[in-house]
Structure formats: C-alpha cells, structure tokens
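Structure data follow from structure-v8.txt (compact mmCIF, C-alpha atoms):
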# COMPACT_ATOMS: atom_id res chain seq x y z
CA GLN T 1 90.94 56.86 62.41
CA ALA T 2 91.98 59.36 65.09
CA GLY T 3 95.68 58.77 64.52
CA CYS T 4 95.46 59.00 60.75
CA LEU T 5 96.45 61.85 58.52
CA ASP T 6 93.95 63.76 56.50
CA LEU T 7 95.68 63.64 53.17
CA ALA T 8 92.75 64.72 51.03
CA GLY T 9 93.53 67.71 48.87
CA HIS T 10 97.21 67.58 49.75
CA PHE T 11 98.33 65.02 47.31
CA HIS T 12 100.12 65.16 44.05
CA LEU T 13 101.72 61.79 44.40
CA GLN T 14 99.97 60.35 41.38
CA PHE T 15 102.98 60.77 39.19
CA LEU T 16 104.92 58.45 41.48
CA GLU T 17 102.50 55.76 40.47
CA VAL T 18 103.29 56.47 36.85
CA SER T 19 107.02 56.12 37.22
CA ASP T 20 107.72 53.60 39.94
CA SER T 21 111.31 53.38 38.85
CA GLY T 22 111.82 56.99 39.85
CA VAL T 23 110.51 56.79 43.38
CA TYR T 24 113.85 56.01 44.94
CA HIS T 25 115.36 58.86 43.09
CA VAL T 26 112.80 61.31 44.45
CA GLN T 27 113.32 59.96 47.96
CA PHE T 28 116.99 60.52 47.53
CA GLU T 29 116.32 64.09 46.53
CA ILE T 30 114.32 64.75 49.69
CA ILE T 31 116.66 63.15 52.13
CA GLU T 32 119.71 64.85 50.74
CA ILE T 33 117.71 68.06 50.52
CA ARG T 34 118.89 68.55 46.99
CA SER T 35 116.55 70.28 44.66
CA ASP T 36 117.92 69.87 41.19
CA LYS T 37 114.41 69.62 39.82
CA ILE T 38 115.29 69.95 36.17
CA ALA T 39 117.78 67.08 36.21
CA SER T 40 115.34 64.88 38.13
CA ALA T 41 112.52 65.68 35.72
CA ARG T 42 114.66 64.75 32.75
CA LYS T 43 115.64 61.44 34.30
CA LEU T 44 112.06 60.59 35.21
CA GLY T 45 110.64 61.78 31.93
CA VAL T 46 108.04 64.02 33.57
CA GLY T 47 107.50 67.75 33.91
CA VAL T 48 109.41 69.92 36.36
CA ASP T 49 106.15 70.86 38.08
CA ALA T 50 105.30 67.21 38.62
CA VAL T 51 108.66 66.64 40.32
CA GLN T 52 108.21 69.70 42.49
CA HIS T 53 104.72 68.64 43.53
CA GLY T 54 105.93 65.12 44.20
CA VAL T 55 108.73 66.35 46.41
CA GLU T 56 106.39 68.66 48.27
CA ALA T 57 103.86 65.88 48.74
CA LEU T 58 106.47 63.49 50.09
CA THR T 59 107.83 66.21 52.37
CA TYR T 60 104.36 66.86 53.71
CA LEU T 61 103.65 63.18 54.21
CA LEU T 62 106.89 62.52 56.05
CA THR T 63 106.99 65.64 58.24
CA GLU T 64 103.33 65.37 59.20
CA SER T 65 103.59 61.65 60.02
CA SER T 66 106.79 62.18 61.99
CA LYS T 67 105.37 65.21 63.81
CA LEU T 68 102.41 63.16 65.05
CA ALA T 69 104.58 60.08 65.51
CA ILE T 70 101.79 57.95 64.03
CA SER T 71 101.97 54.20 64.26
CA GLU T 72 102.79 51.90 61.39
CA ILE T 73 99.14 50.90 61.05
CA ASP T 74 97.88 54.47 61.10
CA PHE T 75 100.42 55.39 58.45
CA GLN T 76 99.28 52.54 56.22
CA ASP T 77 95.63 53.51 56.72
CA SER T 78 96.37 57.12 55.83
CA VAL T 79 98.24 56.24 52.66
CA HIS T 80 95.77 53.52 51.68
CA VAL T 81 93.08 56.18 51.08
CA LEU T 82 95.13 57.54 48.19
CA GLY T 83 94.68 54.32 46.23
CA PHE T 84 98.29 53.60 45.28
CA SER T 85 99.60 50.16 44.46
CA ASP T 86 100.55 47.90 47.38
CA GLU T 87 104.15 48.08 46.31
CA LEU T 88 104.25 51.86 46.46
CA ASN T 89 102.41 51.88 49.80
CA LYS T 90 105.03 49.52 51.18
CA LEU T 91 107.77 51.75 49.82
CA LEU T 92 106.27 54.84 51.46
CA LEU T 93 105.93 53.02 54.78
CA GLN T 94 109.57 51.96 54.67
CA LEU T 95 110.54 55.51 53.82
CA TYR T 96 108.63 56.72 56.90
CA LEU T 97 110.06 54.08 59.22
CA ASP T 98 113.62 54.67 58.04
CA ASN T 99 113.50 58.42 58.41
CA ARG T 100 111.08 59.35 61.19
CA LYS T 101 113.72 59.38 63.90
CA GLU T 102 115.90 61.84 62.04
CA ILE T 103 112.94 63.97 60.98
CA ARG T 104 111.73 64.16 64.59
CA SER T 105 115.15 65.25 65.76
CA ILE T 106 115.19 67.98 63.10
CA LEU T 107 111.68 69.10 64.03
CA SER T 108 112.60 69.21 67.71
CA GLU T 109 115.20 71.84 66.90
CA LEU T 110 112.52 74.13 65.54
CA ALA T 111 110.78 74.44 68.91
CA PRO T 112 111.01 77.83 70.61
CA LYS T 113 113.91 77.65 73.02
CA LEU T 114 115.34 79.46 75.95
CA PRO T 115 119.09 79.59 76.37
CA SER T 116 120.03 76.10 77.44
CA TYR T 117 122.69 74.68 79.72
CA HIS T 118 125.87 73.47 78.07
CA ASN T 119 128.61 73.25 80.66
CA LEU T 120 129.88 74.61 83.94
CA GLU T 121 133.44 75.19 85.08
CA TRP T 122 134.45 76.28 88.54
CA ARG T 123 137.45 77.61 90.40
CA LEU T 124 138.00 78.03 94.11
CA ASP T 125 139.42 81.41 95.09
CA VAL T 126 140.33 83.02 98.38
CA GLN T 127 140.55 86.78 98.40
CA LEU T 128 143.48 87.78 100.58
CA ALA T 129 143.58 91.56 100.27
CA SER T 130 142.19 94.48 98.34
CA ARG T 131 142.96 98.15 97.98
CA SER T 132 140.48 99.07 100.68
CA LEU T 133 140.98 96.13 103.05
CA ARG T 134 144.13 94.14 103.87
CA GLN T 135 144.39 90.76 105.58
CA GLN T 136 141.21 89.16 104.31
CA ILE T 137 140.29 85.52 104.07
CA LYS T 138 137.26 85.50 101.83
CA PRO T 139 136.58 82.23 100.01
CA ALA T 140 134.65 82.45 96.76
CA MET T 141 133.60 79.98 94.12
CA THR T 142 134.06 81.42 90.66
CA ILE T 143 131.76 79.78 88.14
CA LYS T 144 131.88 79.92 84.37
CA LEU T 145 128.50 79.00 82.93
CA HIS T 146 128.34 77.99 79.26
CA LEU T 147 124.95 78.31 77.59
CA ASN T 148 123.63 77.57 74.13
CA GLN T 149 121.77 80.57 72.82
CA ASN T 150 120.28 80.71 69.32
CA GLY T 151 122.82 78.21 68.09
CA ASP T 152 125.74 80.14 69.55
CA GLN T 153 127.61 79.35 72.70
CA THR T 154 127.91 82.02 75.33
CA ALA T 155 129.76 81.95 78.61
CA GLN T 156 129.45 84.12 81.67
CA VAL T 157 131.51 84.35 84.79
CA LEU T 158 129.66 84.39 88.08
CA GLN T 159 130.74 84.05 91.66
CA THR T 160 129.20 82.80 94.84
CA ASP T 161 130.04 82.29 98.48
CA PRO T 162 130.29 78.90 100.25
CA SER T 163 126.93 79.02 102.02
CA THR T 164 125.06 80.07 98.87
CA LEU T 165 126.80 77.28 96.97
CA LEU T 166 125.45 74.72 99.44
CA HIS T 167 122.02 76.32 99.17
CA LEU T 168 122.11 76.08 95.36
CA ILE T 169 122.99 72.39 95.52
CA GLN T 170 120.22 71.72 98.01
CA GLN T 171 117.62 73.54 95.90
CA LEU T 172 118.61 71.88 92.64
CA GLU T 173 118.67 68.44 94.24
CA GLN T 174 115.11 69.07 95.33
CA ALA T 175 114.30 69.97 91.73
CA LEU T 176 115.75 66.66 90.52
CA GLY T 177 113.96 64.76 93.26
CA GLU T 178 110.62 66.26 92.28
CA MET T 179 110.56 64.20 89.09
CA LYS T 180 110.53 61.04 91.23
CA THR T 181 107.47 62.04 93.26
CA ASN T 182 104.18 60.22 92.83
CA HIS T 183 102.58 63.33 91.39
CA CYS T 184 105.09 63.65 88.54
CA ARG T 185 105.23 59.93 87.89
CA ARG T 186 101.46 59.78 87.61
CA ILE T 187 101.41 62.61 85.06
CA VAL T 188 104.19 61.01 83.01
CA ARG T 189 102.44 57.64 83.07
CA ASN T 190 99.08 59.06 82.02
CA MET T 191 100.51 61.15 79.19
CA LYS T 192 101.90 58.25 77.20
CA LYS E 1 135.31 116.92 118.72
CA LYS E 2 133.00 114.05 118.02
CA CYS E 3 134.35 111.17 116.00
CA VAL E 4 131.34 110.23 113.93
CA ILE E 5 131.69 110.26 110.17
CA SER E 6 128.55 108.49 109.14
CA ASN E 7 127.58 111.29 106.79
CA LEU E 8 128.40 114.77 105.71
CA SER E 9 125.27 116.30 107.22
CA ILE E 10 127.30 116.65 110.38
CA LEU E 11 128.74 119.76 108.77
CA ASP E 12 125.31 121.37 109.18
CA ASP E 13 124.95 120.30 112.80
CA PRO E 14 123.73 123.35 114.82
CA ASP E 15 126.12 122.43 117.68
CA LEU E 16 129.02 123.08 115.35
CA LYS E 17 127.78 126.29 113.75
CA ASP E 18 130.29 128.42 115.66
CA ILE E 19 133.24 126.58 114.17
CA ASP E 20 134.86 127.78 110.96
CA PRO E 21 133.46 125.52 108.17
CA ALA E 22 136.91 125.06 106.66
CA VAL E 23 138.30 123.80 109.94
CA LEU E 24 135.27 121.57 110.39
CA LYS E 25 135.84 120.04 106.96
CA HIS E 26 139.48 119.43 107.72
CA CYS E 27 138.57 117.71 110.97
CA HIS E 28 135.99 115.58 109.22
CA ALA E 29 138.43 114.54 106.51
CA ALA E 30 141.13 113.79 109.07
CA ALA E 31 138.82 111.63 111.18
CA ALA E 32 137.54 109.81 108.10
CA THR E 33 141.06 109.11 106.88
CA CYS E 34 142.11 107.88 110.29
CA ILE E 35 139.16 105.51 110.58
CA LEU E 36 139.49 104.16 107.04
CA GLU E 37 143.24 103.60 107.35
CA ALA E 38 142.77 101.87 110.70
CA GLY E 39 140.08 99.69 109.18
CA LYS E 40 142.11 98.91 106.09
CA HIS E 41 145.08 97.63 108.14
CA LYS E 42 142.98 96.17 110.93
CA ALA E 43 144.83 98.28 113.45
CA ASP E 44 144.31 97.31 117.08
CA LYS E 45 143.64 99.72 119.95
CA SER E 46 147.29 100.21 120.87
CA ALA E 47 148.27 101.00 117.29
CA ILE E 48 145.47 103.55 116.99
CA SER E 49 146.37 105.09 120.36
CA THR E 50 150.04 105.40 119.43
CA CYS E 51 149.11 107.05 116.16
CA LEU E 52 146.75 109.55 117.83
CA GLU E 53 149.30 110.30 120.57
CA ASP E 54 151.74 111.25 117.84
CA CYS E 55 149.07 113.68 116.62
CA LYS E 56 149.03 115.25 120.08
CA LEU E 57 145.50 114.24 121.05
CA ASP E 58 144.78 114.01 124.75
CA ARG E 59 144.17 110.69 126.50
CA GLU E 60 140.44 111.24 127.01
CA ARG E 61 139.77 111.91 123.33
CA ILE E 62 141.85 108.93 122.26
CA GLU E 63 139.88 106.75 124.63
CA GLU E 64 136.58 108.02 123.24
CA PHE E 65 137.75 107.57 119.64
CA CYS E 66 138.86 103.98 120.30
CA THR E 67 135.59 103.07 122.03
CA GLU E 68 133.52 104.41 119.14
CA TYR E 69 135.85 102.76 116.63
CA GLN E 70 135.58 99.35 118.28
CA LYS E 71 131.79 99.59 118.29
CA ASN E 72 131.74 100.03 114.51
CA GLU E 73 134.75 97.94 113.59
CA ASP E 74 132.86 94.92 112.22
CA ALA E 75 130.48 96.99 110.13
CA LEU E 76 133.43 98.96 108.78
CA GLU E 77 135.25 95.78 107.78
CA ILE E 78 132.22 94.55 105.85
CA ILE E 79 131.89 97.85 103.99
CA LEU E 80 135.60 98.00 103.14
CA GLY E 81 135.56 94.36 102.06
CA SER E 82 132.70 94.96 99.67
CA ILE E 83 134.47 97.78 97.83
CA GLY E 84 136.03 96.79 94.54
CA ARG E 85 135.11 94.86 91.45
CA SER E 86 134.12 91.23 91.49
CA PRO E 87 132.19 88.98 89.13
CA LEU E 88 128.40 88.95 89.36
CA HIS E 89 127.43 87.29 92.60
CA ILE E 90 124.87 84.47 92.68
CA THR E 91 122.59 84.96 95.66
CA ASP E 92 119.86 82.39 95.08
CA VAL E 93 118.31 80.04 92.56
CA SER E 94 114.76 79.35 91.54
CA TRP E 95 113.58 76.49 89.40
CA ARG E 96 110.53 75.23 87.60
CA LEU E 97 109.83 71.73 86.37
CA GLU E 98 107.88 71.25 83.16
CA TYR E 99 106.83 68.25 81.20
CA GLN E 100 107.00 68.97 77.48
CA ILE E 101 104.09 67.48 75.62
CA LYS E 102 104.01 68.93 72.14
CA THR E 103 105.07 71.87 70.02
CA ASN E 104 103.54 73.16 66.81
CA GLN E 105 106.31 71.34 64.99
CA LEU E 106 106.41 68.12 66.96
CA HIS E 107 103.87 66.10 68.90
CA LYS E 108 104.50 63.54 71.64
CA THR E 109 107.76 65.07 72.78
CA TYR E 110 107.18 63.88 76.36
CA GLN E 111 110.24 64.89 78.27
CA PRO E 112 110.86 66.74 81.50
CA SER E 113 112.50 70.10 81.27
CA TYR E 114 113.79 72.39 83.99
CA LEU E 115 113.87 76.15 83.90
CA VAL E 116 116.55 77.49 86.20
CA THR E 117 117.02 81.13 87.16
CA LEU E 118 120.12 82.17 89.02
CA ASN E 119 119.45 85.33 91.00
CA VAL E 120 122.46 87.51 90.53
CA GLU E 121 123.57 90.71 92.19
CA ASN E 122 125.91 93.25 90.74
CA SER E 123 127.95 94.72 93.60
CA ASP E 124 128.80 97.89 91.65
CA SER E 125 125.43 99.03 90.41
CA GLY E 126 123.10 97.02 92.63
CA SER E 127 121.29 95.80 89.50
CA HIS E 128 119.97 92.26 89.20
CA PRO E 129 120.70 90.77 85.77
CA ASP E 130 119.30 87.30 86.53
CA VAL E 131 120.57 84.38 84.45
CA SER E 132 117.91 82.01 83.12
CA PHE E 133 118.34 78.83 81.16
CA SER E 134 116.57 75.58 80.44
CA CYS E 135 118.03 72.14 80.88
CA THR E 136 117.07 68.51 80.61
CA MET E 137 117.16 66.22 83.60
CA GLU E 138 120.55 64.86 82.52
CA GLN E 139 121.93 68.36 82.14
CA LEU E 140 120.68 69.36 85.59
CA GLN E 141 122.30 66.23 87.03
CA ASP E 142 125.54 67.28 85.35
CA LEU E 143 125.21 70.80 86.76
CA VAL E 144 124.51 69.58 90.29
CA GLY E 145 127.36 67.06 90.09
CA LYS E 146 129.80 69.81 89.21
CA LEU E 147 128.55 72.10 91.95
CA LYS E 148 128.96 69.23 94.41
CA ASP E 149 132.55 68.72 93.29
CA ALA E 150 133.11 72.40 93.88
CA ALA E 151 131.55 72.23 97.35
CA LYS E 152 133.68 69.20 98.21
CA SER E 153 136.90 70.90 97.24
CA LEU E 154 135.82 73.93 99.23
CA GLU E 155 135.28 71.73 102.26
CA ARG E 156 138.70 70.12 101.86
CA ALA E 157 140.31 73.54 101.53
CA THR E 158 138.76 74.80 104.77
CA GLN E 159 140.07 71.75 106.63
CA MET E 160 143.66 72.52 105.72

Please go through the file and, once you have read it, give me the structure as structure tokens.
Amino acid sequence: QAGCLDLAGHFHLQFLEVSDSGVYHVQFEIIEIRSDKIASARKLGVGVDAVQHGVEALTYLLTESSKLAISEIDFQDSVHVLGFSDELNKLLLQLYLDNRKEIRSILSELAPKLPSYHNLEWRLDVQLASRSLRQQIKPAMTIKLHLNQNGDQTAQVLQTDPSTLLHLIQQLEQALGEMKTNHCRRIVRNMK
Amino acid sequence: KKCVISNLSILDDPDLKDIDPAVLKHCHAAAATCILEAGKHKADKSAISTCLEDCKLDRERIEEFCTEYQKNEDALEIILGSIGRSPLHITDVSWRLEYQIKTNQLHKTYQPSYLVTLNVENSDSGSHPDVSFSCTMEQLQDLVGKLKDAAKSLERATQM
C-alpha cells in the first residue's frame, strides 16, 4: 500500500456516483479549467456546493496521483477504497492515465527555479585601437547570453578572451562528462 | 630630473624640496604627457629621442629617459590597453551537477541539472557581478557546442 493515496477524509465524490451521466462534464470543467459552477449544477441537477466539492475532489485526486506518479494498480487500489462502482473507477483511472503527463508538466513549472539557460549568441571582435592606445590587435569573443528568469527572457552581453574561452569549454565538457562516470550512473540507476 | 611618474608622492620627495613646487608640477605633468603619448602611439626610441631633442634636452638625459621608458614599456601598454569601456569580462566558470529527485509539487522528477556560474569582472569598477543559471544536460550541450563554434572561428581567424 506504500504507493497508494490516503484519500480518507478528502472525498466528496459521492455525488458523481449519483449522476454518472455528469461525470464527463465535470472532467471537462477541470481540464479546461473553467469554473462555471452554476451552469454545471443546473445541468447535473445538483447543488452548486456539490459541484464545487466534486471539482475539488477530482483536482486533488489527479494532482496528488500525478505528483507521486503512482502506478495504474496503485491508483486503482486507492480509488477502490472509496467504494464507487466499477464503471466509475474505470472512468477515473482513464482520466488519470489520459492527463497525468500534462499535469506533471504543469506541476514541474511550479518548482523553485533559478534563471535558466535559453540561448547563446557570439561574435568575434578584434580591437584595433582606442583613445588611450593605438595599433592594438586584441581579439575578444563577445557573448550574448539569453536566460529565462521568472517567465521573462533576459539577455546580457559579456566578453571573454581566447584563452579563457578555451578554458570555459574545457571546464564545461568536464561537467558534461561527469554524468557518464560510474558514480553518477550508479546513483541514477539506484534512484529509479 | 628623474623621469619616474609612478605616483604623485614624488612631489613630496625630500631631494626635490629646494625646487619651486609649481615648476616641479609642470615637470611632472610634462614627463607624464610625454610618456603617455609615446605609449599611445607606440613610439620607438628614435622617435622619442627626436621629440626630446626638439625640446632641447641634452643627450645624457634623453638616453636615461629612453632606458627607463623601455623598461616599463610593456607594463605601460597593458595599462593603456585596459583603459576604456568594454562589456563585462568572463574570467572563469564554475559548475555543479545535481540530480533532481523531487519537489514539494512533483515527485520522481529524476533528471540531471547543472548550475553554472560565470565569474565576471567589471573593468571599470572592479566589481564582480557573477552570472548564475541552471541548465539541463541538453542545454549545456547546446551551450558548449556554441562556444566550440566560437573557438573554431577564432582559430581560423588567427590563421589568416
């Protein structure tokens, strides 16, 4: 039972049992994130509160299952406890299977995030002269780094010299190579 | 007259206390200007000598000036070259590899994630506004690929 959800005390799904015909409609409401509760209640012939509780219960069920990425069997076991009809249980399972990928991708966006890499542009320059020094030959790599920060894109212009550029490449290649070491592979294997 | 302009404290040098401060300042400014202009145009010894001869300096002093100048020429060029505005300069990079396991919103995320910090130096203020960002393995591969392209084109350019 380790992978199962503890649904006790969380559930107001009973009304779904009452009006099986309305289940698809409620699902639709959740997935489209529409919340026209009054219209839904009228169509289903139940109270507005019942619709709200139903939506909340389904939301809880789906987000919690997706968050834990529980297996099909664990999902069925969790829902089974609630004592719904087989048909409704099957419907809920299908709902979970159809939507868990999208829900997980939405949940992944909620994680605390640092600015993240988006793109890099570069330009090769050679400084030939300046006010204080004529006749220079000073190569420089100008780099425009695009980052995603709190949903916005920012860009900053940086510069580096040829030997530092080679050093950066060497360091970052080591970083990439680290993931292929036995140590990292062992951790990744054991985590699954 | 000694041709050293490393700092203004020379004006307080006890050896020079008998000289009129105004004259001393003029001499200092003249020597500084001469050295900076020579450095700016990368003047060679003969050009500097000709210029100083025009200013009626004697041979011995010109010789001494040129010797001192040549000793400090490289350092001078570096200082003059570093004056002026330029974009923030990357000096180094540090990285950290993490394996993401779960967040409060999502379990079993299981993916590697790199934290990269570019050490950056501001030539004007000497401050260090480091640039940090996270990236996935694919993004880091993209980043390294682009830097390699840049390095390749740099190599081709130096061969021309």

Review point. T:Ser105, T:Thr142, T:Ser116, T:Gln156: which is nearest chain E, counting only C-alpha atoms?
Key: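 Under the stated criterion, the closest residue is T:Ser116.
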
Check your understanding: Which residues of chain T are close to chain E, meaning at most 6 Å apart when you count only C-alpha atoms, and how do they look as a ChimeraX atom specification?
Key -> /T:67-68,107,115-117,132-134,158-160

Check your understanding: Any idea what the distance is between CA of Val157 in chain T and CA of Leu145 in chain T?
Key ->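 Calculated distance between CA of Val157 in chain T and CA of Leu145 in chain T is 6.4 Å.
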
Point to revise | Length of the CA of Asp18 in chain E to CA of Glu53 in chain E vector [Å] | key: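 So the two atoms, CA of Asp18 in chain E and CA of Glu53 in chain E, lie 26.7 Å apart.
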
Residues within 8 Å of His80 in chain T, please, as a tab-separated table (two decimals) with C-alpha atoms, in the frame of the given file. Count all atoms listed in the file; anything in the same chain fewer than 4 positions from it doesn't count.
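Printed below is part.tsv as written:
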chain	number	residue	atom	x	y	z
T	76	GLN	CA	99.28	52.54	56.22
T	84	PHE	CA	98.29	53.60	45.28
T	89	ASN	CA	102.41	51.88	49.80

Check your understanding: Within 12 Å of (102.7, 60.1, 58.2), in the coordinates the file gives, what residues turn up when you count only C-alpha atoms, written out as a ChimeraX atom specification?
Key -> /T:3-7,57-80,89,92-97,99-100,103-104
